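Shown next: data_11.pdb, containing PDB, C-alpha atoms.
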ATOM      1  CA  MET A 111      54.562 -40.783 -31.598
ATOM      2  CA  ASN A 112      57.611 -41.643 -29.568
ATOM      3  CA  LYS A 113      58.963 -38.283 -28.390
ATOM      4  CA  ASN A 114      62.418 -39.695 -27.589
ATOM      5  CA  ILE A 115      63.963 -40.447 -30.962
ATOM      6  CA  LEU A 116      66.957 -42.248 -29.438
ATOM      7  CA  LYS A 117      64.882 -44.435 -27.145
ATOM      8  CA  ASN A 118      65.055 -47.469 -29.404
ATOM      9  CA  GLY A 119      68.579 -47.194 -30.761
ATOM     10  CA  PRO A 120      72.183 -46.467 -29.781
ATOM     11  CA  ILE A 121      73.733 -43.026 -29.872
ATOM     12  CA  LYS A 122      75.616 -43.789 -33.067
ATOM     13  CA  VAL A 123      72.292 -44.138 -34.929
ATOM     14  CA  GLY A 124      71.397 -40.595 -33.883
ATOM     15  CA  LEU A 125      74.752 -39.307 -35.124
ATOM     16  CA  TRP A 126      74.257 -41.120 -38.383
ATOM     17  CA  PHE A 127      70.876 -39.406 -38.785
ATOM     18  CA  LEU A 128      72.644 -36.058 -38.367
ATOM     19  CA  VAL A 129      74.992 -36.886 -41.230
ATOM     20  CA  ILE A 130      72.076 -37.972 -43.403
ATOM     21  CA  SER A 131      70.211 -34.751 -42.558
ATOM     22  CA  LEU A 132      73.153 -32.627 -43.648
ATOM     23  CA  THR A 133      73.599 -34.485 -46.912
ATOM     24  CA  GLY A 134      69.874 -34.168 -47.555
ATOM     25  CA  CYS A 135      70.262 -30.409 -47.627
ATOM     26  CA  PHE A 136      72.118 -30.684 -50.924
ATOM     27  CA  ASN A 137      69.817 -32.966 -52.883
ATOM     28  CA  ASP A 138      67.322 -31.882 -55.521
ATOM     29  CA  SER A 139      64.341 -31.964 -53.152
ATOM     30  CA  SER A 140      65.164 -28.542 -51.680
ATOM     31  CA  LYS A 141      65.051 -27.022 -55.170
ATOM     32  CA  TYR A 142      61.865 -28.942 -55.997
ATOM     33  CA  CYS A 143      59.919 -27.076 -53.304
ATOM     34  CA  SER A 144      62.135 -24.046 -52.819
ATOM     35  CA  ASN A 145      59.229 -21.646 -52.236
ATOM     36  CA  ILE A 146      57.203 -23.898 -49.917
ATOM     37  CA  GLU A 147      57.174 -23.611 -46.137
ATOM     38  CA  PRO A 148      57.203 -26.901 -44.206
ATOM     39  CA  VAL A 149      54.003 -27.387 -42.202
ATOM     40  CA  VAL A 150      55.364 -29.664 -39.460
ATOM     41  CA  GLU A 151      58.128 -29.532 -36.885
ATOM     42  CA  ALA A 152      59.645 -31.922 -34.381
ATOM     43  CA  GLY A 153      57.290 -32.663 -31.497
ATOM     44  CA  ASN A 154      54.121 -32.357 -33.581
ATOM     45  CA  TYR A 155      51.298 -34.731 -32.645
ATOM     46  CA  PHE A 156      49.371 -35.713 -35.764
ATOM     47  CA  PHE A 157      46.031 -36.169 -33.957
ATOM     48  CA  GLU A 158      46.187 -33.048 -31.807
ATOM     49  CA  GLY A 159      42.678 -31.894 -30.884
ATOM     50  CA  VAL A 160      40.676 -34.624 -32.612
ATOM     51  CA  VAL A 161      37.520 -35.966 -30.982
ATOM     52  CA  GLN A 162      38.252 -39.535 -32.051
ATOM     53  CA  PRO A 163      39.823 -41.187 -28.975
ATOM     54  CA  ILE A 164      43.161 -42.572 -30.148
ATOM     55  CA  GLU A 165      44.191 -45.360 -27.763
ATOM     56  CA  PHE A 166      47.566 -45.722 -26.104
ATOM     57  CA  VAL A 167      49.521 -48.918 -26.585
ATOM     58  CA  SER A 168      49.742 -50.994 -23.416
ATOM     59  CA  GLY A 169      52.763 -50.099 -21.323
ATOM     60  CA  SER A 170      53.734 -47.287 -23.671
ATOM     61  CA  ASP A 171      53.345 -43.529 -24.050
ATOM     62  CA  ASN A 172      52.580 -44.003 -27.749
ATOM     63  CA  PRO A 173      49.024 -43.320 -28.984
ATOM     64  CA  LEU A 174      48.503 -45.553 -32.012
ATOM     65  CA  ALA A 175      45.634 -45.053 -34.453
ATOM     66  CA  VAL A 176      44.084 -47.920 -36.423
ATOM     67  CA  SER A 177      42.988 -47.492 -40.031
ATOM     68  CA  CYS A 178      40.512 -49.750 -41.813
ATOM     69  CA  HIS A 179      42.220 -50.800 -45.060
ATOM     70  CA  ASN A 180      40.043 -50.419 -48.206
ATOM     71  CA  CYS A 181      36.992 -49.745 -46.079
ATOM     72  CA  TYR A 182      34.486 -49.975 -48.913
ATOM     73  CA  GLN A 183      32.766 -52.525 -51.137
ATOM     74  CA  ASN A 184      34.838 -52.386 -54.322
ATOM     75  CA  SER A 185      32.617 -54.716 -56.348
ATOM     76  CA  SER A 186      29.342 -52.922 -55.669
ATOM     77  CA  ALA A 187      28.131 -49.587 -57.010
ATOM     78  CA  SER A 188      25.701 -49.342 -54.096
ATOM     79  CA  ALA A 189      26.790 -46.844 -51.459
ATOM     80  CA  LEU A 190      24.716 -48.798 -48.929
ATOM     81  CA  ASP A 191      27.039 -51.807 -49.194
ATOM     82  CA  THR A 192      30.030 -49.604 -48.432
ATOM     83  CA  ILE A 193      28.265 -47.840 -45.574
ATOM     84  CA  GLN A 194      27.489 -51.211 -43.986
ATOM     85  CA  LEU A 195      31.189 -52.063 -44.060
ATOM     86  CA  ILE A 196      32.055 -48.672 -42.572
ATOM     87  CA  GLU A 197      29.486 -49.213 -39.807
ATOM     88  CA  SER A 198      31.143 -52.526 -38.984
ATOM     89  CA  ALA A 199      34.562 -50.855 -38.883
ATOM     90  CA  ILE A 200      33.314 -48.134 -36.555
ATOM     91  CA  ALA A 201      31.710 -50.718 -34.275
ATOM     92  CA  ASN A 202      35.058 -52.518 -34.095
ATOM     93  CA  GLY A 203      36.915 -49.425 -32.955
ATOM     94  CA  VAL A 204      38.863 -48.154 -35.963
ATOM     95  CA  ASP A 205      40.076 -44.551 -35.953
ATOM     96  CA  LEU A 206      40.468 -43.883 -39.681
ATOM     97  CA  ILE A 207      38.291 -44.936 -42.608
ATOM     98  CA  GLU A 208      40.357 -45.590 -45.733
ATOM     99  CA  LEU A 209      38.558 -44.848 -48.987
ATOM    100  CA  ASP A 210      40.291 -45.153 -52.350
ATOM    101  CA  VAL A 211      39.035 -42.534 -54.788
ATOM    102  CA  THR A 212      39.690 -42.959 -58.500
ATOM    103  CA  MET A 213      40.311 -39.628 -60.140
ATOM    104  CA  SER A 214      42.430 -38.574 -63.080
ATOM    105  CA  ASP A 215      42.425 -36.114 -65.924
ATOM    106  CA  GLU A 216      40.962 -38.818 -68.180
ATOM    107  CA  ILE A 217      38.138 -39.757 -65.802
ATOM    108  CA  GLY A 218      37.100 -36.159 -65.252
ATOM    109  CA  MET A 219      34.598 -35.204 -62.548
ATOM    110  CA  ASN A 220      33.230 -38.678 -61.807
ATOM    111  CA  LEU A 221      34.707 -39.546 -58.423
ATOM    112  CA  TYR A 222      34.244 -43.190 -57.471
ATOM    113  CA  VAL A 223      35.203 -45.046 -54.328
ATOM    114  CA  SER A 224      37.118 -47.848 -55.979
ATOM    115  CA  HIS A 225      40.534 -49.444 -56.111
ATOM    116  CA  GLU A 226      40.736 -49.403 -59.920
ATOM    117  CA  SER A 227      39.374 -46.974 -62.479
ATOM    118  CA  ASP A 228      37.802 -49.808 -64.483
ATOM    119  CA  VAL A 229      35.799 -51.105 -61.497
ATOM    120  CA  SER A 230      32.677 -49.146 -60.618
ATOM    121  CA  GLY A 231      32.363 -48.737 -56.898
ATOM    122  CA  PRO A 232      29.915 -46.236 -55.396
ATOM    123  CA  LEU A 233      30.133 -42.535 -56.109
ATOM    124  CA  LEU A 234      32.152 -40.669 -53.503
ATOM    125  CA  GLY A 235      29.337 -38.163 -53.101
ATOM    126  CA  ASP A 236      26.870 -40.925 -52.243
ATOM    127  CA  VAL A 237      29.184 -42.333 -49.572
ATOM    128  CA  VAL A 238      30.097 -39.098 -47.806
ATOM    129  CA  GLU A 239      26.494 -37.910 -47.658
ATOM    130  CA  SER A 240      25.582 -40.804 -45.357
ATOM    131  CA  PRO A 241      24.726 -39.738 -41.781
ATOM    132  CA  VAL A 242      26.833 -42.699 -40.635
ATOM    133  CA  LEU A 243      29.956 -40.876 -41.822
ATOM    134  CA  ILE A 244      28.787 -37.301 -41.315
ATOM    135  CA  ASN A 245      28.060 -37.892 -37.640
ATOM    136  CA  ALA A 246      31.068 -40.122 -36.955
ATOM    137  CA  THR A 247      34.285 -38.974 -35.300
ATOM    138  CA  GLN A 248      36.488 -41.284 -37.387
ATOM    139  CA  ILE A 249      38.863 -39.509 -39.763
ATOM    140  CA  LEU A 250      38.622 -39.944 -43.531
ATOM    141  CA  PHE A 251      41.856 -41.467 -44.850
ATOM    142  CA  ILE A 252      41.490 -40.976 -48.603
ATOM    143  CA  GLU A 253      43.937 -42.416 -51.105
ATOM    144  CA  ILE A 254      43.836 -40.800 -54.526
ATOM    145  CA  LYS A 255      44.161 -43.332 -57.334
ATOM    146  CA  GLY A 256      45.414 -41.486 -60.378
ATOM    147  CA  GLN A 257      47.780 -38.774 -61.581
ATOM    148  CA  LEU A 258      46.459 -35.267 -61.897
ATOM    149  CA  ASP A 259      47.338 -32.169 -63.882
ATOM    150  CA  GLN A 260      43.890 -30.575 -63.992
ATOM    151  CA  LYS A 261      42.935 -28.815 -60.772
ATOM    152  CA  GLU A 262      39.219 -28.698 -61.447
ATOM    153  CA  THR A 263      38.888 -32.385 -60.554
ATOM    154  CA  ILE A 264      40.483 -31.634 -57.191
ATOM    155  CA  ARG A 265      38.113 -28.722 -56.637
ATOM    156  CA  SER A 266      35.210 -31.075 -57.333
ATOM    157  CA  PHE A 267      36.616 -33.506 -54.763
ATOM    158  CA  PHE A 268      36.777 -30.885 -52.025
ATOM    159  CA  ARG A 269      33.353 -29.488 -52.897
ATOM    160  CA  SER A 270      31.775 -32.927 -52.546
ATOM    161  CA  LEU A 271      33.013 -33.060 -48.949
ATOM    162  CA  MET A 272      32.275 -29.411 -48.148
ATOM    163  CA  LYS A 273      28.567 -29.942 -48.886
ATOM    164  CA  HIS A 274      28.119 -31.581 -45.513
ATOM    165  CA  GLU A 275      27.892 -29.813 -42.177
ATOM    166  CA  ILE A 276      27.286 -30.905 -38.605
ATOM    167  CA  SER A 277      24.783 -29.385 -36.194
ATOM    168  CA  ASN A 278      26.878 -26.347 -35.283
ATOM    169  CA  GLY A 279      27.244 -25.356 -38.942
ATOM    170  CA  THR A 280      30.892 -26.352 -39.377
ATOM    171  CA  TYR A 281      32.071 -28.671 -42.123
ATOM    172  CA  ALA A 282      31.595 -32.308 -41.142
ATOM    173  CA  TYR A 283      34.944 -33.419 -42.554
ATOM    174  CA  PHE A 284      37.025 -30.266 -42.093
ATOM    175  CA  ASN A 285      37.062 -28.835 -38.585
ATOM    176  CA  ALA A 286      39.320 -28.440 -35.566
ATOM    177  CA  GLN A 287      38.242 -31.784 -34.136
ATOM    178  CA  ARG A 288      38.129 -33.845 -37.324
ATOM    179  CA  PHE A 289      40.466 -33.316 -40.250
ATOM    180  CA  THR A 290      40.707 -35.305 -43.503
ATOM    181  CA  VAL A 291      43.869 -36.982 -44.827
ATOM    182  CA  VAL A 292      44.548 -36.935 -48.583
ATOM    183  CA  ARG A 293      47.121 -39.506 -49.686
ATOM    184  CA  SER A 294      48.897 -40.501 -52.881
ATOM    185  CA  SER A 295      51.427 -43.053 -54.053
ATOM    186  CA  GLU A 296      51.259 -42.158 -57.742
ATOM    187  CA  THR A 297      53.499 -39.123 -58.075
ATOM    188  CA  ASP A 298      54.438 -36.166 -55.937
ATOM    189  CA  LYS A 299      52.701 -34.040 -58.567
ATOM    190  CA  THR A 300      49.290 -35.198 -57.350
ATOM    191  CA  LEU A 301      49.873 -33.994 -53.798
ATOM    192  CA  HIS A 302      51.360 -30.736 -55.113
ATOM    193  CA  ARG A 303      48.155 -30.097 -57.030
ATOM    194  CA  PHE A 304      46.079 -30.682 -53.903
ATOM    195  CA  ARG A 305      48.300 -28.335 -51.908
ATOM    196  CA  GLU A 306      48.022 -25.649 -54.593
ATOM    197  CA  VAL A 307      44.216 -25.873 -54.735
ATOM    198  CA  LEU A 308      44.073 -25.427 -50.966
ATOM    199  CA  THR A 309      45.702 -21.995 -51.369
ATOM    200  CA  GLU A 310      42.734 -20.762 -53.423
ATOM    201  CA  THR A 311      40.230 -18.436 -51.749
ATOM    202  CA  GLU A 312      37.363 -20.921 -52.063
ATOM    203  CA  PHE A 313      39.203 -23.468 -49.928
ATOM    204  CA  GLU A 314      41.122 -21.297 -47.471
ATOM    205  CA  ASN A 315      38.690 -22.190 -44.659
ATOM    206  CA  ILE A 316      39.368 -25.922 -44.954
ATOM    207  CA  LYS A 317      43.114 -25.763 -45.559
ATOM    208  CA  PRO A 318      44.015 -26.056 -41.830
ATOM    209  CA  PHE A 319      42.004 -29.257 -41.654
ATOM    210  CA  VAL A 320      43.546 -31.175 -44.555
ATOM    211  CA  ARG A 321      46.630 -33.351 -44.094
ATOM    212  CA  LEU A 322      48.698 -34.520 -47.084
ATOM    213  CA  SER A 323      50.455 -37.882 -47.021
ATOM    214  CA  ARG A 324      52.892 -39.638 -49.376
ATOM    215  CA  LEU A 325      52.769 -43.432 -49.691
ATOM    216  CA  PHE A 326      55.928 -45.336 -50.599
ATOM    217  CA  SER A 327      56.381 -48.832 -51.957
ATOM    218  CA  PRO A 328      59.376 -50.749 -50.554
ATOM    219  CA  THR A 329      62.468 -48.697 -51.415
ATOM    220  CA  GLU A 330      66.119 -48.990 -50.491
ATOM    221  CA  GLU A 331      66.767 -47.390 -47.138
ATOM    222  CA  SER A 332      69.570 -45.254 -48.546
ATOM    223  CA  LYS A 333      67.153 -43.670 -51.049
ATOM    224  CA  MET A 334      64.409 -42.968 -48.539
ATOM    225  CA  TYR A 335      66.153 -40.164 -46.656
ATOM    226  CA  ALA A 336      66.025 -37.797 -49.618
ATOM    227  CA  LYS A 337      62.393 -38.782 -50.206
ATOM    228  CA  ILE A 338      61.512 -37.998 -46.594
ATOM    229  CA  ASP A 339      63.385 -34.696 -46.886
ATOM    230  CA  GLU A 340      61.263 -33.888 -49.918
ATOM    231  CA  VAL A 341      57.991 -34.725 -48.161
ATOM    232  CA  TYR A 342      58.988 -32.335 -45.375
ATOM    233  CA  ALA A 343      60.248 -29.575 -47.690
ATOM    234  CA  CYS A 344      57.170 -29.743 -49.897
ATOM    235  CA  GLY A 345      54.702 -28.958 -47.128
ATOM    236  CA  PHE A 346      53.243 -32.423 -46.559
ATOM    237  CA  HIS A 347      52.400 -33.996 -43.202
ATOM    238  CA  MET A 348      52.942 -37.766 -43.293
ATOM    239  CA  ILE A 349      54.790 -40.648 -44.914
ATOM    240  CA  GLU A 350      53.459 -44.196 -45.278
ATOM    241  CA  LEU A 351      55.662 -47.287 -45.351
ATOM    242  CA  ASP A 352      54.926 -50.790 -46.619
ATOM    243  CA  THR A 353      55.219 -53.742 -44.221
ATOM    244  CA  ARG A 354      57.198 -55.552 -46.938
ATOM    245  CA  THR A 355      60.044 -53.252 -45.907
ATOM    246  CA  GLU A 356      62.345 -54.668 -43.222
ATOM    247  CA  LEU A 357      60.829 -53.773 -39.866
ATOM    248  CA  SER A 358      64.205 -52.627 -38.547
ATOM    249  CA  THR A 359      64.393 -50.241 -41.520
ATOM    250  CA  ILE A 360      60.894 -48.936 -40.823
ATOM    251  CA  LYS A 361      61.951 -48.140 -37.248
ATOM    252  CA  ILE A 362      64.957 -46.169 -38.472
ATOM    253  CA  LEU A 363      62.963 -44.304 -41.113
ATOM    254  CA  ASN A 364      60.211 -43.601 -38.588
ATOM    255  CA  SER A 365      62.754 -41.968 -36.276
ATOM    256  CA  TYR A 366      64.178 -39.910 -39.138
ATOM    257  CA  ALA A 367      60.698 -38.727 -40.191
ATOM    258  CA  GLU A 368      59.839 -37.994 -36.574
ATOM    259  CA  MET A 369      62.862 -35.719 -36.197
ATOM    260  CA  LYS A 370      61.301 -33.534 -38.880
ATOM    261  CA  GLY A 371      57.824 -33.669 -37.356
ATOM    262  CA  LEU A 372      56.375 -36.001 -40.000
ATOM    263  CA  SER A 373      53.929 -38.676 -38.944
ATOM    264  CA  VAL A 374      54.122 -42.291 -40.107
ATOM    265  CA  ASN A 375      51.552 -44.873 -41.168
ATOM    266  CA  VAL A 376      52.487 -48.508 -41.789
ATOM    267  CA  PHE A 377      50.439 -50.634 -44.188
ATOM    268  CA  THR A 378      49.109 -53.318 -44.302
ATOM    269  CA  VAL A 379      48.753 -55.429 -41.154
ATOM    270  CA  ASP A 380      46.989 -58.751 -41.719
ATOM    271  CA  LYS A 381      46.606 -62.148 -40.089
ATOM    272  CA  SER A 382      49.957 -63.311 -41.428
ATOM    273  CA  ASN A 383      52.074 -60.523 -39.945
ATOM    274  CA  TYR A 384      50.202 -58.660 -37.221
ATOM    275  CA  ILE A 385      52.070 -60.100 -34.232
ATOM    276  CA  GLU A 386      55.484 -59.454 -35.770
ATOM    277  CA  VAL A 387      54.633 -55.971 -37.064
ATOM    278  CA  MET A 388      52.816 -54.803 -33.964
ATOM    279  CA  SER A 389      55.479 -56.140 -31.607
ATOM    280  CA  ALA A 390      58.198 -54.310 -33.526
ATOM    281  CA  LEU A 391      56.478 -50.989 -34.254
ATOM    282  CA  LYS A 392      53.717 -50.413 -31.687
ATOM    283  CA  ASP A 393      55.821 -47.997 -29.634
ATOM    284  CA  ASP A 394      56.988 -45.950 -32.613
ATOM    285  CA  VAL A 395      54.590 -45.286 -35.475
ATOM    286  CA  ASP A 396      51.433 -43.152 -35.469
ATOM    287  CA  VAL A 397      49.049 -45.297 -37.540
ATOM    288  CA  ILE A 398      48.706 -48.925 -38.543
ATOM    289  CA  THR A 399      46.459 -49.935 -41.410
ATOM    290  CA  VAL A 400      44.620 -53.194 -40.742
ATOM    291  CA  GLU A 401      43.330 -55.429 -43.527
ATOM    292  CA  SER A 402      39.537 -55.440 -43.921
ATOM    293  CA  ARG A 403      39.246 -58.320 -46.366
ATOM    294  CA  VAL A 404      40.043 -62.005 -46.575
ATOM    295  CA  ASN A 405      40.537 -63.513 -50.043
ATOM    296  CA  ASP A 406      39.038 -60.373 -51.597
ATOM    297  CA  GLU A 407      35.815 -60.818 -49.663
ATOM    298  CA  VAL A 408      34.565 -58.428 -47.015
ATOM    299  CA  ASP A 409      34.912 -60.016 -43.586
ATOM    300  CA  SER A 410      33.184 -57.430 -41.392
ATOM    301  CA  ILE A 411      36.431 -55.430 -41.104
ATOM    302  CA  ASN A 412      38.030 -58.751 -40.309
ATOM    303  CA  SER A 413      36.708 -58.200 -36.795
ATOM    304  CA  ASN A 414      38.513 -61.171 -35.284
ATOM    305  CA  LEU A 415      41.847 -59.733 -36.392
ATOM    306  CA  LEU A 416      41.055 -56.272 -35.097
ATOM    307  CA  GLN A 417      39.831 -57.666 -31.791
ATOM    308  CA  SER A 418      42.991 -59.755 -31.475
ATOM    309  CA  ILE A 419      45.145 -56.663 -32.044
ATOM    310  CA  LYS A 420      43.153 -54.623 -29.545
ATOM    311  CA  ALA A 421      43.308 -57.370 -26.904
ATOM    312  CA  MET A 422      47.035 -57.996 -27.290
ATOM    313  CA  PHE A 423      48.428 -54.499 -27.719
ATOM    314  CA  PHE A 424      46.061 -51.837 -26.370
ATOM    315  CA  ASN A 425      44.977 -50.693 -22.924
ATOM    316  CA  GLY A 426      41.571 -51.690 -21.683
ATOM    317  CA  SER A 427      40.596 -53.842 -24.656
TER
END
File written out as structure tokens:
Amino acid sequence: MNKNILKNGPIKVGLWFLVISLTGCFNDSSKYCSNIEPVVEAGNYFFEGVVQPIEFVSGSDNPLAVSCHNCYQNSSASALDTIQLIESAIANGVDLIELDVTMSDEIGMNLYVSHESDVSGPLLGDVVESPVLINATQILFIEIKGQLDQKETIRSFFRSLMKHEISNGTYAYFNAQRFTVVRSSETDKTLHRFREVLTETEFENIKPFVRLSRLFSPTEESKMYAKIDEVYACGFHMIELDTRTELSTIKILNSYAEMKGLSVNVFTVDKSNYIEVMSALKDDVDVITVESRVNDEVDSINSNLLQSIKAMFFNGS
């Protein structure tokens, strides 16, 4: 995270942000989460205390984490196939393992690692019980596919992860050195339900080690300020922006989110855009999500792409 929010722009941009901040105080988002305390503040470092060594960008004071996009075998119900892909990602130096989990009120308690509810990937429980993941330091970056009203499905999700401990008896996926990120692009309601479940007595021990993140499809810049205000006011931790958004806009929105203490992920970096995206954003954002597939086929975390990014933009790679 770039601690100097005016480093990459003129003073007038900072003044404009101040105006936007003041107008944001009067939109509906403050009423939407009127009884919720924000959980971040300016100067927060998203990866504070984690064991996973987040690398610094060359010539920069910005530590930039790399996420493996769709780091699972969507077309196979075998957890082993997904674990092999995760092993490849870990070997290639990723920091976050993205798993899509299909869950909705209609699906019920069956939690699958899959991009679509009508495609049967492996069961989430079968993936997270693998020693490869339990003993790793990489952070789970879980996108929830579906809209939720029923909290019991969310309780089942957390319980499936809480089953697993490391040698010192702490939860493998929820501890001071390795948190888990829960993400949603469906509706704000989904993340609200997750936040509410975390206030229950059963889950109070893991609450400090869960981060909540809101994904956004490309949206007009003028509309994003109120959305970022809402993410902050509703007690979430991160926003995620699509690379189809103008990169100059992403930089501005990143700075606005950073003023509030929110972290930023940008998705998805692939062979067609990685030089442009990385060159523009490497000194600003907290996470980049790197494509793990080519033409819908697993390409060993697209290791050539990841190695190219590491060699061009990171220290010591």
Resolved residues for the PyMOL selection byres ((chain A and resi 203) around 12) as a VMD selection string: chain A and resid 162 to 165 175 to 178 196 to 202 204 to 207 246 to 248 400 411 to 413 415 to 417 419 to 421 424 427
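Going from atom CA of A:Gly345 to atom CA of A:Val149 covers 5.2 Å.
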Rank A:Ser277, A:Leu391, A:Asp380, A:Cys181 by their smallest atom-to-atom distance to A:Ser365, using only C-alpha atoms, and report the top residue only. A:Leu391
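Atom CA of A:Thr329 is positioned 9.7 Å from atom CA of A:Arg354.
Between A:Arg324 and the residues A:Ser402, A:Asn375, A:Asn278, A:Thr290, the shortest atom-to-atom distance, using only C-alpha atoms, involves A:Asn375.
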Two-atom distance - atom CA of A:Cys143, atom CA of A:Gln260 (Å): 19.6 Å
Write out as a list in words the residues lying within 9 Å of stretch 394-398 of chain A, counting all atoms listed in the file and excluding same-chain residues fewer than 5 positions away. Met111, Asn112, Lys113, Asn118, Tyr155, Phe156, Phe157, Asn172, Pro173, Leu174, Ala175, Val176, Ser177, Cys178, Leu206, Glu350, Lys361, Asn364, Ser365, Ser373, Val374, Asn375, Val376, Phe377, Thr378, Val379 and Met388 of chain A
Written as number ranges by chain, which residues does the PyMOL selection byres ((chain A and resi 265) around 12) give for the file shown? A: 213, 218-219, 221, 258, 260-264, 266-272, 303-313
Could you please give me, as a list of chain:residue names, the residues of protein, DNA or RNA lying at most 10 Å from (29.7, -33.3, -39.2) in the coordinate frame of the file, considering only C-alpha atoms? A:Pro241, A:Val242, A:Leu243, A:Ile244, A:Asn245, A:Ala246, A:Thr247, A:His274, A:Glu275, A:Ile276, A:Ser277, A:Asn278, A:Gly279, A:Thr280, A:Tyr281, A:Ala282, A:Tyr283, A:Phe284, A:Asn285, A:Arg288
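With all atoms listed in the file as the atoms that count, the minimum distance from A:Ile316 to the choices A:Ala286, A:Ile349, A:Glu226, A:Gly169 is reached by A:Ala286.
With all atoms listed in the file as the basis for measurement, A:Thr300 is the residue among A:Thr300, A:Leu190, A:Glu239, A:Ser230 that approaches A:Ser214 most closely.
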Spatial neighbours of A:Lys370, max dist 12 Å, only C-alpha atoms, sep filter under 6 positions, as a ChimeraX atom specification: /A:113,115,127-128,131,148-155,335,338-343,345-349,363-364
Neighbour list for A:Asn184 as JSON, numbers by chain, cut-off 7 Å, all atoms listed in the file, skip fewer than 2 positions in-chain: {"A": [182, 186, 224, 225, 231]}
I need the residue set behind the PyMOL selection byres ((chain A and resi 232) around 6) for this file; please write it as a PyMOL selection string. chain A and resi 187-189+222-223+231+233
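The shortest atom-to-atom distance to A:Lys299, with only C-alpha atoms taken into account, belongs to A:Gly256 out of A:Gly159, A:Gly371, A:Gly256, A:Gly235.
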